[in-house]
Amino acid sequence: MSIEVGNKVSGKVTGITNFGAFIDLGGGKTGLVHISEISDTFVKEIKDVLKVGDEVTVKVMSIADDGKIGLSIRKAVDKPAGEVTRPQRESRPYQKSTTPRPEGSFSKGRKDFSAHQDKGLKNDFDSLMSSFLKDSEDRLTSIKRNTEGKRGGRGGRRG
């Protein structure tokens with residue numbers, strides 16, 4: 001079978017590095033399987049999965065202009081229809097932090113707008129924008145006040 005992108009071919013592992021394995025495809029052609037393309041599961045050490053001399057089936061992923069051939073073992077394996085190629089992460093429900101935050105921290109965010117709405121302020125863009133600008137200026141003033149003496153080069157402050 002010819003070596004073209006998308007074809008599955010068999011080959012022999014000729015070398016193993018920390019980033020992948022070199023596969024002899026026959027006819028004087030050699031390709032590289034990157035460590036991320038060896039298995040659907042996490043591979044820490046390639047030597048735990050492959051050994052020099054192993055016969056493997058690979059899928060040709062790319063052929064560069066300079067002759068480098070990119071291969072994949074995990075995409076060469078036929079999976080049953082509907083099966084996910086990589087394991088999905090378990091989704092965790094959002095949990096709000098129970099740690100109290102100091103006053104003036106950036107965690108307030110949206111609460112400021114809802115507080116202004118509760119006060120009966122006009123709920124239009126101009127009032128929301130002016131309240132945002134006021135809060136932003138207050139926060140910047142607070143940050144400047146807290147970091148003013150923390151700048152400088154050698155020696156720090158002398159008193």
# chains A, B, ... in the order shown; residues from 1 in each chain; ligands from 1

call {"tool": "residues_around", "arguments": {"residues": "stretch 19-27 of chain A", "least_positions_apart": "6", "cutoff": "12 Å", "atoms": "only C-alpha atoms", "output": "count of residues only"}}
result
41

call {"tool": "atom_distance", "arguments": {"atom1": "atom CA of A:Asp126", "atom2": "atom CA of A:Thr141"}}
result
22.5 Å

call {"tool": "atom_distance", "arguments": {"atom1": "atom CA of A:Ala64", "atom2": "atom CA of A:Asp48"}}
result
28.8 Å

call {"tool": "closest_residue", "arguments": {"among": "A:Phe125, A:Asp40, A:Val5, A:Ile63", "to": "A:Lys75", "atoms": "only C-alpha atoms"}}
result
A:Asp40
